Each structure stands twice: as C-alpha cells, then as structure tokens.
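Okay, so here's the structure we're looking at.
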Amino acid sequence: MTYSHLPAAIKHEKGTLDWFNAQVANAEAQLKKESKWTVRSLIDLINVMNNDVYKGHMYYNEEFESITGVSYSVVVYKQLEKMLSDELSRKLQSDACYSVGDIMGCKIRDSCSTIDVEQNEDPDSEYMVTATAMFELYMALQEFIKFKERLPSDERKNLTLVNYHLWFKDAVHHWFVVAKTKSQIRLKKAVELDKVAFLDNYVKHSTSAVDAATCFVQIKEFWRQLSWPDPAGAFTFVMKVIEIICEGTIYYAKLCQQKLQKITDADPQNDITEKLCITVNNMEYVLQTLRPLEDDLGVEQIIKTLNLNQGGCTANQCRESIYDLINKSEDDVVGKIFSIICGMVEKLRPDMKKFVFHLAWAPEKLDAENAIRPLLENLDTTLRTLYNNLLQANFDRLLDMMWTVLMHELMETTQTNIGKEKLAFFDRLYSSLAILVDFFHGSGKGLPLDCIQNAPYQDLFHMLKLQKSETLHLIELYTLQRLEEQQKLVKPTYGILTIKAAYNPSAESLYIDILNARELLPLDPTGFSDPFVIIELVPRHFFPNCVKQRTKVQKKTLFPLFDEAFEFRISSDLLHREGAGLCFSVMDHDMVTKNDFEGEAFLPLCNIPEASSEENKDMKLIELCLMHPNDKNEIILALAARTWDKDAQEFVKNLKHRRRCKTCHTPQCSCLPFKF
C-alpha cells in the first residue's frame, strides 16, 4: 500500500482550515469583547498556532511518519504558513500600496513624539502598549517561522513568510525608544526609593544599583530575543542597545550624584562618609555592566558576519565605534566617581597636612621611623574604615588620590624649607618617603608600584635626594652630568676646540696639547675675540694639588692657533675614577672688564689613552664641541640655595662667570632667567 496521495489529501483536508478559521474567529471575538488593537488578535492567533505546531511535531509526527512515510508536520506547517500570511495581509494591509511593516511602523510613530522621560511617561500609555504589542507579535512570528529550519531544504522554497523581520525594521527603532524610556523611568524610581544603607556587612552597595544592573540585563535579554538576522541591520541595532545601556549608566550616575548633593546641602556639617562610599559603590557596581557588554551582546560575531559581506575596513571601523562609545561612557562615570572621591580626600587633607608638619618638625633625636609613626597611625585608622566601606576599585582610586595629595603636601614642605634647613631635615623626609612607599604598597596588596611611582612622587624623590646630598657629592653629580652631555653633543653652536691628550702611567703624568679652536662667536665690538683656554681637572676636590693652567691669549681671531702643551701630575687610580675629567673653558680676554665666556668642553679622563713612550707619539687627537651651562640646572639650583655652605657658594660663584645669554650672547645679560 502506498501513501503518495497523502500530502495532497492532507493539504486539501478541511480539518486544518476549519481549525485555523475557528482560531481566527475566537481571536476576533476576544478583540470585540476587550476593544483591543488588531495586533493583539494576531498575537493570540500565532501563539495558538505555535502551540499546535509544536505539539504536532512532538507528539503526532513521528508515529504518523513511521506508518505513512509522510511528514505530517511539514505538510501542516506549510498549509498554516500560507493561511497565516493571508490573514496578516488581510488584517494589516488596508491598502495594497503599503506593506505590513509600513502599517505597523506608522501606527507606532503616531504616538512616538509625545515621549518625555522627565515627565515620567506612563508605562501603560497607548504608545507603550502599542510598541510592546508589536514586539510580542515579532516574537510570536519569529517562533513560528523558525520552525521552517526543521523542514527539508527543498520544502522551504515556496514559503510565503520570508524576510518577515523587514516588516518590523521601522518598528524596531521605536522599541528601542520604549526600552530607553522604560529603563530611565525605572532608574529614576530606583534612586528615589533607594535607602542609602548597607544591605549587609559584605555588600557595599544599595538596592538601586541592583535594580539598575537588572534593568540592563533585561535590555540585553531583549536584544538576544530580537535575534535580528540581517548583519548590517544587526550592527545598527546592537549599537543602539549599547547606546541605551551606556546612556542609562551615565543617567544613573548623574541621579546618584544629584541625590548625594541634596543630602550634603541639607546638612553640610554632618559626616556623610558612609553615604559617599555607598554612592560611589553604586556607580562602580553599575559601571561593571559596561565592561563585558561586547561579549554579552555577541558583537564580535556580528562584526565578523558584517566583515564577510562588506570588507575588513568596515569591521575595524565598527569595532572602533563601539570601543569609543563604551569608553566615553565609562570615562564619564569614572569622572563622577573621582569627583566624589576627590571631595572625600579633601576632607582628609587637613589631617594629612597636620601630620606631615609633625613629621617635618619632630625633634632631631627622632629617626624617620619614629617621627612618621603618628602619620602612619592616622592613615591606617582612616584607610581601615574606608576599606570596609568601599568596593576594591573605589578603594584603589581613593588610595591613589590620597597618595598624590600626600606627595603634594610633602613637596610643599620640602620646597618651603630649601635654603632654610640643612641636610638632616631633608634626609629624614627622604627616609620617610621610603617608609610611606612600603605602607601604601602593602607588600603587593595596596597600590601597585607603577601607581606609587607617579610624577609627583618622582619629583619629590628627586628633589629630596638632591637636598639631602652632601655638597661635594652634588658637585660630582654635576661634573658627571656635564661629561655625559659632552658625549651626546655632535653639532657645534659655540665653536670647536681641538686638542691632543695622553697619560704616561710610569711618570703618572697627564699630557695635554691645546692645538686650536674654530667657529668661535665674536664677543668684541670689532667682530672678533681675544680667546684663551683655561684647563682644569674636575671636580676640584678630586685633585686638590692640581692647579688650573691656561694658554696665551690670541688677539683678534675666531680661529686661534694655540699649539701649547701642558702637564698634570695625577695618580693612575684617579684616571679611572667615575666622574673625573678635564674642563676646557674658552674665554675672551678683556683689559678693562671681566673676561667673557665663549664656551666650555669636558673630556672624561677614562677616554684618554696611555702613552707608550715619553715622547707621547701616541697622543689622541680629539675635537670637542663647546657648550654653555644650563642656568636652570637643578643641581646648581640646589647648591645656590645653600647659603650656609661655603663650598656650595664657591662652586656657584665660579659658574657665574661662565654664563652668557643664548639670545644676544652678552655676558651677564638681563635676559638670563636665573640669578645666583
């Protein structure tokens, strides 16, 4: 027995048609009874069909197909699909010129322009009901049409409900308006009804934060259910979802900030630390919903699909658009969090300032560890309280801000006492800084070292290190700095000095030949100079028994030929001492006034070769670009401030004669910014 006639028989069998018409009649009867919009009757009809198709597939089809070899579900589904298509056209298309989607979109658009979140739009308004009903219709259709995925590929060809999602393209935009409106209404209510108090000892945010996060989860679920099949449209819509959640996050943070401000204004003298903590915790808790947003919404998969259709460049632009949107929103909320935390830290600043003062002016007999103890105890008490009240991210932000404020207070203390206090004062602050680093780092449990070693810390550390250093050590540092600058200098600005140099270890003698100089700047009114060269070993305290030597003056020339030899007696161990060098100062001789400074050059002693014979035939020819000292050099500034130190003042006084304006090249010009 064959059953080849069964598909046609089932198709023309009146049972399915009668059942469908009966369901349509029931839906229309309910419509007249409740006076609801036509879409509601369609939703009810499609839901009944979905239930019937599901039951037919699950309970009847397998047995029917095993007996007859014909898929009952396929035949019935195709028949119902055709009847549903006709019914949709009949109910929604009053004019053949308009599509189903046009009719639905227009109906929603008529009510769309009246939405106003700030006026607390009624969620049961006609607009809201209409848009929600449209979404229910879309979901019901989606469920019905997805059944075709169970059909054999050859059975899908003649289906009439294709590209159904395009019917709803205009309506989707309005659904997002509804989603945004409802979410912001909900956020506003959540903040209004929120009691700013801890839920328990472990949860450090309040109920409004949970409500906000749940609201955003529901929006993400809305997107998942939408399951828009068109890649280009999907990207447009997922951007809208991200925008709604980003704007909602910013809106929630703004509401929290406004509520906190009202509390502060109402009682400015009251301690609201707990309320401040909960407010920033609420913001941070909701902010966390942004960070996994791309993964939660399946953005990358959408972009990859889009990439296959439209090219890689578009995919990169899409990623960048989403990245910018999320990051700008996060920056906005973090900015509000920082604003509140900044207010918290400013309230702590007076205590920090007071204890920094006590640290600086503790009795001299107290070492740094004992002098800083009151400050550490105060910080420990404060931070323990805040740690118990803040989420980790906010505690880290507060810790970072407190550290920066503390650095500023210590810097102010340091700067106001330069030139007034001696080395021990700065040495204790320097040692205290190391103790504070350990305290805030907390063996890796506190601030990371890269946050601790920020710009304010680096500035303070460097300044304290200079101010606590012995004068002779600073002079050594300055000389080493000039030697390094000389090695980096390749382009002459003030001229070039040519010399020869060698060291005879057996005689412990350093031989220097000053050959010539060229490209000097004219310092006399005649357009020439009267140059000579001063040769000295630096730093001077390395070579207490070596006096300066100088060449003869060469008259009226910018290319002096000296051709003079000099000898210095130094031990071989000094030749290789770090920072030891030769300083060549080219001066312009003046009969009436002080000699003018042309430029200087430095040569590390370790770069001078050893001579193999007393004739010094192996002397190395060296060209040195002349340079000028930096008037704003921090080492010179530190030494100049030591008015109580004879060595420092003598060193600075010697440098004073080596200064010349780089604009007009006049010695001791009023243009010079630094005054000794």
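We name chains A, B, ... following the order of the structure tokens; residues begin at 1 in each chain, and ligands are numbered from 1 as shown.
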Env of stretch 501-505 of chain A: 6 Å cut, atoms = only C-alpha atoms, seq-sep filter 2 positions within chain, self excluded. Answer as a list of chain:residue names. A:Ala507, A:Glu508, A:Ser509, A:Leu510, A:Tyr511, A:Ile512, A:Ile608, A:Pro609, A:Glu610, A:Ala611, A:Met619, A:Lys620
Output the selection as a compact mmCIF listing (two decimals), in the first residue's frame - N, CA, C and O atoms for each residue.
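To be explicit, this is the file written out as out-v7.txt:
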```txt
# COMPACT_ATOMS: atom_id res chain seq x y z
N ALA A 507 105.22 57.72 34.63
CA ALA A 507 105.54 59.04 35.19
C ALA A 507 104.36 59.65 35.93
O ALA A 507 104.48 60.72 36.54
N GLU A 508 103.18 58.95 35.88
CA GLU A 508 101.94 59.47 36.46
C GLU A 508 101.69 60.91 36.00
O GLU A 508 101.39 61.80 36.79
N SER A 509 101.82 61.08 34.69
CA SER A 509 101.66 62.41 34.11
C SER A 509 100.60 62.39 33.01
O SER A 509 100.54 61.47 32.19
N LEU A 510 99.76 63.42 33.04
CA LEU A 510 98.75 63.62 32.01
C LEU A 510 99.23 64.75 31.10
O LEU A 510 99.53 65.85 31.56
N TYR A 511 99.31 64.45 29.79
CA TYR A 511 99.81 65.43 28.83
C TYR A 511 98.65 65.94 27.96
O TYR A 511 97.87 65.15 27.41
N ILE A 512 98.56 67.24 27.87
CA ILE A 512 97.51 67.88 27.07
C ILE A 512 98.15 68.89 26.12
O ILE A 512 98.93 69.75 26.55
N ILE A 608 91.11 58.97 27.86
CA ILE A 608 92.45 59.37 27.42
C ILE A 608 93.35 58.13 27.33
O ILE A 608 93.44 57.36 28.30
N PRO A 609 94.00 57.90 26.18
CA PRO A 609 94.84 56.70 26.03
C PRO A 609 96.16 56.84 26.79
O PRO A 609 96.63 57.94 27.09
N GLU A 610 96.75 55.69 27.10
CA GLU A 610 98.06 55.67 27.74
C GLU A 610 99.15 55.83 26.68
O GLU A 610 99.06 55.26 25.59
N ALA A 611 100.21 56.60 27.01
CA ALA A 611 101.32 56.82 26.09
C ALA A 611 102.34 55.70 26.26
O ALA A 611 102.63 55.27 27.38
N MET A 619 99.65 60.29 21.31
CA MET A 619 98.61 61.20 21.81
C MET A 619 97.41 61.20 20.86
O MET A 619 97.57 61.25 19.64
N LYS A 620 96.24 61.15 21.44
CA LYS A 620 95.00 61.04 20.67
C LYS A 620 94.49 62.43 20.28
O LYS A 620 94.38 63.33 21.12
```
Write out as CSV a residue-level contact list of stretch 526-561 of chain A versus stretch 570-591 of chain A with cut-off 10 Å: for each qualifying residue the closest pair of atoms and the distance in Å to one decimal, counting only C-alpha atoms, rows sorted by chain and residue number upward.
```
residue,atom,partner,partner_atom,distance
A:Phe528,CA,A:Asp588,CA,9.5
A:Ser529,CA,A:Asp588,CA,5.8
A:Asp530,CA,A:Asp588,CA,5.0
A:Pro531,CA,A:Asp588,CA,4.5
A:Phe532,CA,A:Met587,CA,5.4
A:Val533,CA,A:Val586,CA,4.5
A:Ile534,CA,A:Ser585,CA,5.0
A:Ile535,CA,A:Phe584,CA,4.9
A:Glu536,CA,A:Cys583,CA,5.4
A:Leu537,CA,A:Leu582,CA,4.7
A:Val538,CA,A:Gly581,CA,5.4
A:Pro539,CA,A:Ala580,CA,6.5
A:Arg540,CA,A:Ala580,CA,9.3
A:Phe542,CA,A:Ala580,CA,7.5
A:Phe543,CA,A:Ile570,CA,7.8
A:Asn545,CA,A:Ile570,CA,9.0
A:Cys546,CA,A:Ile570,CA,8.1
A:Lys548,CA,A:Cys583,CA,9.8
A:Gln549,CA,A:Phe584,CA,9.9
A:Arg550,CA,A:Ser585,CA,9.2
A:Thr551,CA,A:Val586,CA,9.7
A:Val553,CA,A:His589,CA,7.0
A:Gln554,CA,A:His589,CA,8.9
A:Lys555,CA,A:His589,CA,8.7
A:Lys556,CA,A:Asp588,CA,9.8
```
Those selected residues, please, written with N, CA, C and O atoms and delivered as a JSON list (two decimals), in the first residue's frame.
```json
[["chain", "number", "residue", "atom", "x", "y", "z"],
["A", 528, "PHE", "N", 85.57, 90.31, 16.40],
["A", 528, "PHE", "CA", 86.49, 89.22, 16.73],
["A", 528, "PHE", "C", 86.47, 88.98, 18.24],
["A", 528, "PHE", "O", 85.67, 89.57, 18.97],
["A", 529, "SER", "N", 87.35, 88.10, 18.69],
["A", 529, "SER", "CA", 87.55, 87.85, 20.11],
["A", 529, "SER", "C", 89.04, 87.75, 20.37],
["A", 529, "SER", "O", 89.85, 87.62, 19.44],
["A", 530, "ASP", "N", 89.41, 87.79, 21.66],
["A", 530, "ASP", "CA", 90.80, 87.57, 22.07],
["A", 530, "ASP", "C", 90.81, 86.31, 22.94],
["A", 530, "ASP", "O", 90.88, 86.38, 24.17],
["A", 531, "PRO", "N", 90.72, 85.12, 22.30],
["A", 531, "PRO", "CA", 90.49, 83.89, 23.07],
["A", 531, "PRO", "C", 91.75, 83.35, 23.75],
["A", 531, "PRO", "O", 92.86, 83.52, 23.28],
["A", 532, "PHE", "N", 91.49, 82.69, 24.89],
["A", 532, "PHE", "CA", 92.48, 81.85, 25.56],
["A", 532, "PHE", "C", 91.73, 80.71, 26.23],
["A", 532, "PHE", "O", 90.50, 80.76, 26.38],
["A", 533, "VAL", "N", 92.45, 79.66, 26.64],
["A", 533, "VAL", "CA", 91.82, 78.45, 27.19],
["A", 533, "VAL", "C", 92.33, 78.21, 28.60],
["A", 533, "VAL", "O", 93.55, 78.24, 28.85],
["A", 534, "ILE", "N", 91.39, 77.94, 29.52],
["A", 534, "ILE", "CA", 91.73, 77.53, 30.89],
["A", 534, "ILE", "C", 91.52, 76.02, 30.98],
["A", 534, "ILE", "O", 90.46, 75.50, 30.60],
["A", 535, "ILE", "N", 92.53, 75.30, 31.46],
["A", 535, "ILE", "CA", 92.44, 73.84, 31.60],
["A", 535, "ILE", "C", 92.47, 73.51, 33.09],
["A", 535, "ILE", "O", 93.37, 73.96, 33.82],
["A", 536, "GLU", "N", 91.48, 72.76, 33.54],
["A", 536, "GLU", "CA", 91.45, 72.34, 34.94],
["A", 536, "GLU", "C", 90.88, 70.94, 35.06],
["A", 536, "GLU", "O", 90.07, 70.50, 34.25],
["A", 537, "LEU", "N", 91.34, 70.23, 36.09],
["A", 537, "LEU", "CA", 90.82, 68.90, 36.41],
["A", 537, "LEU", "C", 89.60, 69.06, 37.30],
["A", 537, "LEU", "O", 89.62, 69.84, 38.28],
["A", 538, "VAL", "N", 88.53, 68.33, 36.98],
["A", 538, "VAL", "CA", 87.28, 68.43, 37.74],
["A", 538, "VAL", "C", 86.79, 67.02, 38.11],
["A", 538, "VAL", "O", 87.10, 66.04, 37.42],
["A", 539, "PRO", "N", 86.02, 66.96, 39.22],
["A", 539, "PRO", "CA", 85.77, 68.02, 40.18],
["A", 539, "PRO", "C", 87.02, 68.37, 40.98],
["A", 539, "PRO", "O", 87.87, 67.51, 41.19],
["A", 540, "ARG", "N", 87.11, 69.58, 41.47],
["A", 540, "ARG", "CA", 88.35, 70.07, 42.05],
["A", 540, "ARG", "C", 88.77, 69.28, 43.28],
["A", 540, "ARG", "O", 89.97, 69.09, 43.53],
["A", 542, "PHE", "N", 88.64, 66.23, 43.81],
["A", 542, "PHE", "CA", 89.36, 65.01, 43.44],
["A", 542, "PHE", "C", 90.86, 65.30, 43.28],
["A", 542, "PHE", "O", 91.70, 64.41, 43.46],
["A", 543, "PHE", "N", 91.18, 66.55, 42.91],
["A", 543, "PHE", "CA", 92.56, 66.91, 42.56],
["A", 543, "PHE", "C", 92.98, 68.17, 43.34],
["A", 543, "PHE", "O", 93.19, 69.24, 42.76],
["A", 545, "ASN", "N", 95.68, 69.09, 44.62],
["A", 545, "ASN", "CA", 97.03, 69.59, 44.40],
["A", 545, "ASN", "C", 97.29, 70.02, 42.95],
["A", 545, "ASN", "O", 98.42, 70.35, 42.59],
["A", 546, "CYS", "N", 96.26, 69.94, 42.12],
["A", 546, "CYS", "CA", 96.42, 70.31, 40.70],
["A", 546, "CYS", "C", 95.78, 71.68, 40.46],
["A", 546, "CYS", "O", 94.56, 71.84, 40.62],
["A", 548, "LYS", "N", 94.83, 75.15, 38.13],
["A", 548, "LYS", "CA", 94.43, 75.45, 36.76],
["A", 548, "LYS", "C", 95.64, 75.88, 35.94],
["A", 548, "LYS", "O", 96.59, 76.46, 36.47],
["A", 549, "GLN", "N", 95.56, 75.62, 34.65],
["A", 549, "GLN", "CA", 96.57, 76.13, 33.73],
["A", 549, "GLN", "C", 95.85, 76.81, 32.56],
["A", 549, "GLN", "O", 94.67, 76.53, 32.31],
["A", 550, "ARG", "N", 96.58, 77.70, 31.86],
["A", 550, "ARG", "CA", 95.92, 78.44, 30.78],
["A", 550, "ARG", "C", 96.88, 78.70, 29.63],
["A", 550, "ARG", "O", 98.11, 78.75, 29.79],
["A", 551, "THR", "N", 96.32, 78.88, 28.47],
["A", 551, "THR", "CA", 97.11, 79.20, 27.27],
["A", 551, "THR", "C", 97.35, 80.70, 27.21],
["A", 551, "THR", "O", 96.79, 81.48, 27.99],
["A", 553, "VAL", "N", 96.91, 84.34, 25.28],
["A", 553, "VAL", "CA", 95.79, 85.00, 24.58],
["A", 553, "VAL", "C", 96.16, 85.17, 23.11],
["A", 553, "VAL", "O", 97.27, 85.60, 22.77],
["A", 554, "GLN", "N", 95.21, 84.80, 22.24],
["A", 554, "GLN", "CA", 95.36, 85.01, 20.79],
["A", 554, "GLN", "C", 94.50, 86.20, 20.39],
["A", 554, "GLN", "O", 93.29, 86.20, 20.58],
["A", 555, "LYS", "N", 95.13, 87.23, 19.85],
["A", 555, "LYS", "CA", 94.45, 88.50, 19.60],
["A", 555, "LYS", "C", 93.61, 88.49, 18.31],
["A", 555, "LYS", "O", 94.02, 87.95, 17.29],
["A", 556, "LYS", "N", 92.42, 89.09, 18.42],
["A", 556, "LYS", "CA", 91.55, 89.39, 17.28],
["A", 556, "LYS", "C", 91.44, 88.24, 16.28],
["A", 556, "LYS", "O", 91.85, 88.34, 15.13]]
```
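Using only C-alpha atoms, the nearest neighbour of A:Val333 within the list A:Leu376, A:Val356, A:Cys256, A:Ala179 is A:Cys256.
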Using only C-alpha atoms, which of A:Asn516, A:Gln317, A:Lys552, A:Val547 sits nearest A:Arg569? A:Val547
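Residues in contact range of A:Tyr323, defined as at most 12 Å between only C-alpha atoms, with sequence neighbours fewer than 2 positions away removed, read Met239, Ile242, Glu243, Cys246, Leu290, Arg291, Pro292, Leu293, Glu294, Val299, Glu300, Asn316, Gln317, Cys318, Arg319, Glu320, Ser321, Leu325, Ile326, Asn327, Lys328, Ser329, Glu330 and Asp331 of chain A.
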From atom CA of A:Lys189 to atom CA of A:Cys215 the spacing works out at 12.0 Å
One decimal place gives the atom CA of A:Phe559-atom CA of A:Glu519 separation as 6.6 Å
Write out as a PyMOL selection string which residues come within 8 Å of stretch 220-234 of chain A when counting only C-alpha atoms, dropping same-chain ones fewer than 6 positions away. chain A and resi 139+165+241+296-297+302-303+305-306
Export of the given selection (N, CA, C and O atoms) as a PDB file, in the first residue's frame:
```pdb
ATOM      1  N   MET A 139       7.978  38.459  18.179  1.00  0.00           N
ATOM      2  CA  MET A 139       8.488  37.256  18.831  1.00  0.00           C
ATOM      3  C   MET A 139       7.646  36.031  18.477  1.00  0.00           C
ATOM      4  O   MET A 139       8.170  34.931  18.270  1.00  0.00           O
ATOM      5  N   HIS A 165      11.326  39.838   9.114  1.00  0.00           N
ATOM      6  CA  HIS A 165      11.935  40.827  10.010  1.00  0.00           C
ATOM      7  C   HIS A 165      11.930  42.231   9.393  1.00  0.00           C
ATOM      8  O   HIS A 165      11.909  43.232  10.122  1.00  0.00           O
ATOM      9  N   VAL A 241      21.503  49.283  21.235  1.00  0.00           N
ATOM     10  CA  VAL A 241      21.432  48.633  22.548  1.00  0.00           C
ATOM     11  C   VAL A 241      22.566  49.135  23.444  1.00  0.00           C
ATOM     12  O   VAL A 241      22.360  49.483  24.615  1.00  0.00           O
ATOM     13  N   ASP A 296      28.645  40.038  25.964  1.00  0.00           N
ATOM     14  CA  ASP A 296      27.255  39.689  26.295  1.00  0.00           C
ATOM     15  C   ASP A 296      26.330  39.840  25.087  1.00  0.00           C
ATOM     16  O   ASP A 296      25.361  39.084  24.943  1.00  0.00           O
ATOM     17  N   LEU A 297      26.622  40.800  24.225  1.00  0.00           N
ATOM     18  CA  LEU A 297      25.742  41.076  23.083  1.00  0.00           C
ATOM     19  C   LEU A 297      26.194  40.375  21.803  1.00  0.00           C
ATOM     20  O   LEU A 297      25.556  40.522  20.761  1.00  0.00           O
ATOM     21  N   ILE A 302      28.744  39.462  15.174  1.00  0.00           N
ATOM     22  CA  ILE A 302      28.028  40.320  14.227  1.00  0.00           C
ATOM     23  C   ILE A 302      29.017  41.000  13.291  1.00  0.00           C
ATOM     24  O   ILE A 302      28.811  41.061  12.072  1.00  0.00           O
ATOM     25  N   ILE A 303      30.126  41.497  13.848  1.00  0.00           N
ATOM     26  CA  ILE A 303      31.122  42.196  13.041  1.00  0.00           C
ATOM     27  C   ILE A 303      31.787  41.244  12.060  1.00  0.00           C
ATOM     28  O   ILE A 303      32.049  41.611  10.911  1.00  0.00           O
ATOM     29  N   THR A 305      30.447  38.623  10.690  1.00  0.00           N
ATOM     30  CA  THR A 305      29.479  38.393   9.622  1.00  0.00           C
ATOM     31  C   THR A 305      29.428  39.592   8.689  1.00  0.00           C
ATOM     32  O   THR A 305      29.390  39.470   7.465  1.00  0.00           O
ATOM     33  N   LEU A 306      29.480  40.778   9.295  1.00  0.00           N
ATOM     34  CA  LEU A 306      29.493  42.006   8.520  1.00  0.00           C
ATOM     35  C   LEU A 306      30.757  42.099   7.690  1.00  0.00           C
ATOM     36  O   LEU A 306      30.748  42.544   6.548  1.00  0.00           O
TER      37      LEU A 306
END
```
Enumerate the residues of stretch 478-508 of chain A with a DSSP assignment of strand (DSSP E), computed from the backbone, and present them as number ranges by chain. A: 496-504
Mind listing the alpha helix (DSSP H) residues of stretch 159-290 of chain A, per DSSP on the backbone, as JSON, numbers by chain? {"A": [169, 170, 171, 172, 173, 174, 175, 176, 177, 178, 179, 180, 181, 182, 183, 184, 185, 186, 187, 188, 189, 190, 191, 192, 193, 207, 208, 209, 210, 211, 212, 213, 214, 215, 216, 217, 218, 219, 220, 221, 222, 223, 224, 225, 226, 231, 232, 233, 234, 235, 236, 237, 238, 239, 240, 241, 242, 243, 244, 245, 246, 247, 248, 249, 250, 251, 252, 253, 254, 255, 256, 257, 258, 259, 260, 261, 262, 263, 264, 265, 266, 273, 274, 275, 276, 277, 278, 279, 280, 281, 282, 283, 284, 285, 286, 287]}
Any chance you could export the current selection's C-alpha atoms as a short mmCIF file (atom, residue, chain, number, x, y, z; two decimals), in the first residue's frame?
```cif
data_model
loop_
_atom_site.label_atom_id
_atom_site.label_comp_id
_atom_site.auth_asym_id
_atom_site.auth_seq_id
_atom_site.Cartn_x
_atom_site.Cartn_y
_atom_site.Cartn_z
CA LYS A 169 12.51 47.39 10.65
CA ASP A 170 10.89 50.78 11.36
CA ALA A 171 9.21 49.45 14.47
CA VAL A 172 12.50 48.24 15.98
CA HIS A 173 13.69 51.82 16.37
CA HIS A 174 10.58 52.58 18.38
CA TRP A 175 11.11 49.52 20.54
CA PHE A 176 14.46 50.96 21.48
CA VAL A 177 12.75 54.23 22.39
CA VAL A 178 10.47 52.21 24.65
CA ALA A 179 13.39 50.30 26.13
CA LYS A 180 15.29 53.53 26.82
CA THR A 181 12.22 55.27 28.24
CA LYS A 182 11.24 52.41 30.49
CA SER A 183 14.83 51.91 31.69
CA GLN A 184 15.27 55.57 32.61
CA ILE A 185 11.90 55.68 34.37
CA ARG A 186 12.95 52.59 36.31
CA LEU A 187 16.38 54.06 37.15
CA LYS A 188 14.80 57.27 38.39
CA LYS A 189 12.35 55.37 40.62
CA ALA A 190 15.12 53.11 41.93
CA VAL A 191 17.21 56.08 43.06
CA GLU A 192 14.21 57.90 44.54
CA LEU A 193 13.13 54.89 46.60
CA THR A 207 19.24 48.36 46.14
CA SER A 208 19.18 50.94 43.36
CA ALA A 209 22.43 49.56 41.97
CA VAL A 210 20.95 46.06 41.82
CA ASP A 211 17.81 47.42 40.13
CA ALA A 212 19.90 49.30 37.55
CA ALA A 213 22.07 46.27 36.77
CA THR A 214 18.96 44.07 36.45
CA CYS A 215 17.39 46.61 34.11
CA PHE A 216 20.42 46.43 31.82
CA VAL A 217 20.37 42.63 31.92
CA GLN A 218 16.78 42.74 30.70
CA ILE A 219 17.74 45.05 27.84
CA LYS A 220 20.47 42.58 26.84
CA GLU A 221 17.91 39.78 27.02
CA PHE A 222 15.62 41.87 24.80
CA TRP A 223 18.42 42.02 22.22
CA ARG A 224 19.02 38.29 22.47
CA GLN A 225 15.35 37.59 21.84
CA LEU A 226 15.26 40.04 18.93
CA PRO A 231 24.10 41.54 9.61
CA ALA A 232 24.01 45.21 8.59
CA GLY A 233 20.78 45.81 10.46
CA ALA A 234 22.03 43.78 13.43
CA PHE A 235 25.07 46.01 13.82
CA THR A 236 22.93 49.16 13.65
CA PHE A 237 20.60 47.80 16.29
CA VAL A 238 23.29 46.40 18.60
CA MET A 239 24.89 49.85 18.56
CA LYS A 240 21.54 51.18 19.72
CA VAL A 241 21.43 48.63 22.55
CA ILE A 242 24.93 49.64 23.65
CA GLU A 243 23.95 53.30 23.44
CA ILE A 244 20.88 52.72 25.64
CA ILE A 245 22.90 50.91 28.30
CA CYS A 246 25.73 53.48 28.16
CA GLU A 247 23.31 56.38 28.45
CA GLY A 248 21.48 54.57 31.24
CA THR A 249 24.72 54.09 33.15
CA ILE A 250 25.56 57.79 32.84
CA TYR A 251 21.98 58.75 33.75
CA TYR A 252 22.06 56.55 36.86
CA ALA A 253 25.41 58.02 37.97
CA LYS A 254 24.02 61.54 37.46
CA LEU A 255 20.94 60.74 39.59
CA CYS A 256 23.14 59.30 42.36
CA GLN A 257 25.38 62.36 42.29
CA GLN A 258 22.40 64.72 42.44
CA LYS A 259 20.86 62.86 45.37
CA LEU A 260 24.15 62.93 47.26
CA GLN A 261 24.44 66.68 46.62
CA LYS A 262 20.97 67.25 48.10
CA ILE A 263 21.96 65.30 51.21
CA THR A 264 25.18 67.31 51.52
CA ASP A 265 23.43 70.65 51.01
CA ALA A 266 20.77 69.78 53.59
CA THR A 273 31.28 59.43 54.69
CA GLU A 274 29.12 56.31 54.64
CA LYS A 275 26.71 57.86 52.13
CA LEU A 276 29.63 58.96 49.96
CA CYS A 277 31.02 55.44 49.97
CA ILE A 278 27.70 53.84 49.03
CA THR A 279 27.12 56.37 46.25
CA VAL A 280 30.45 55.70 44.53
CA ASN A 281 29.99 51.97 45.10
CA ASN A 282 26.62 52.09 43.38
CA MET A 283 28.19 53.86 40.41
CA GLU A 284 31.03 51.36 40.21
CA TYR A 285 28.66 48.37 40.55
CA VAL A 286 26.56 49.58 37.62
CA LEU A 287 29.67 50.56 35.67
#
```
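Between atom CA of A:Asp86 and atom CA of A:Leu141 lies a distance of 13.9 Å.
The nearest approach to A:Glu485 among the residues A:Asn61, A:Gln301, A:Asn630, A:Thr526, with only C-alpha atoms taken into account, belongs to A:Asn630.
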Mind checking which residues fall within 9 Å of A:Met407, counting only C-alpha atoms, ignoring those fewer than 6 positions away in the same chain, and posting them as a PyMOL selection string? chain A and resi 433+456-457+460
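Residues lying within 12 Å of A:Asp647, counting only C-alpha atoms and ignoring same-chain neighbours fewer than 2 positions away, are A:Glu470, A:Thr471, A:Leu472, A:His473, A:Leu474, A:Ile475, A:Arg540, A:His541, A:Leu639, A:Ala640, A:Arg642, A:Thr643, A:Trp644, A:Asp645, A:Gln649, A:Glu650, A:Phe651, A:Val652, A:Lys653, A:Asn654.
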Considering only C-alpha atoms, return as a PyMOL selection string whatever protein or nucleic-acid residues lie within 8 Å of A:Leu398, sequence-local ones (same chain, fewer than 3 positions apart) excluded. chain A and resi 341-342+345+394-395+401-402
Dump of N, CA, C and O atoms for the selected residues, as a PDB file, in the first residue's frame:
```pdb
ATOM      1  N   ILE A 341      35.134  61.096  45.168  1.00  0.00           N
ATOM      2  CA  ILE A 341      36.278  60.637  45.967  1.00  0.00           C
ATOM      3  C   ILE A 341      37.218  61.803  46.256  1.00  0.00           C
ATOM      4  O   ILE A 341      37.800  61.896  47.346  1.00  0.00           O
ATOM      5  N   CYS A 342      37.356  62.695  45.290  1.00  0.00           N
ATOM      6  CA  CYS A 342      38.192  63.880  45.497  1.00  0.00           C
ATOM      7  C   CYS A 342      37.670  64.704  46.675  1.00  0.00           C
ATOM      8  O   CYS A 342      38.449  65.207  47.493  1.00  0.00           O
ATOM      9  N   VAL A 345      38.715  62.957  49.839  1.00  0.00           N
ATOM     10  CA  VAL A 345      40.141  63.140  50.139  1.00  0.00           C
ATOM     11  C   VAL A 345      40.410  64.558  50.634  1.00  0.00           C
ATOM     12  O   VAL A 345      41.242  64.768  51.530  1.00  0.00           O
ATOM     13  N   ASN A 394      36.999  51.296  44.020  1.00  0.00           N
ATOM     14  CA  ASN A 394      36.907  52.647  44.575  1.00  0.00           C
ATOM     15  C   ASN A 394      37.933  52.879  45.673  1.00  0.00           C
ATOM     16  O   ASN A 394      38.459  53.989  45.819  1.00  0.00           O
ATOM     17  N   PHE A 395      38.219  51.844  46.437  1.00  0.00           N
ATOM     18  CA  PHE A 395      39.265  51.984  47.462  1.00  0.00           C
ATOM     19  C   PHE A 395      40.614  52.258  46.807  1.00  0.00           C
ATOM     20  O   PHE A 395      41.396  53.088  47.286  1.00  0.00           O
ATOM     21  N   MET A 401      44.513  58.638  45.092  1.00  0.00           N
ATOM     22  CA  MET A 401      44.339  60.081  45.254  1.00  0.00           C
ATOM     23  C   MET A 401      44.961  60.564  46.564  1.00  0.00           C
ATOM     24  O   MET A 401      45.581  61.632  46.619  1.00  0.00           O
ATOM     25  N   MET A 402      44.817  59.774  47.629  1.00  0.00           N
ATOM     26  CA  MET A 402      45.432  60.134  48.909  1.00  0.00           C
ATOM     27  C   MET A 402      46.954  60.180  48.782  1.00  0.00           C
ATOM     28  O   MET A 402      47.616  61.052  49.354  1.00  0.00           O
TER      29      MET A 402
END
```
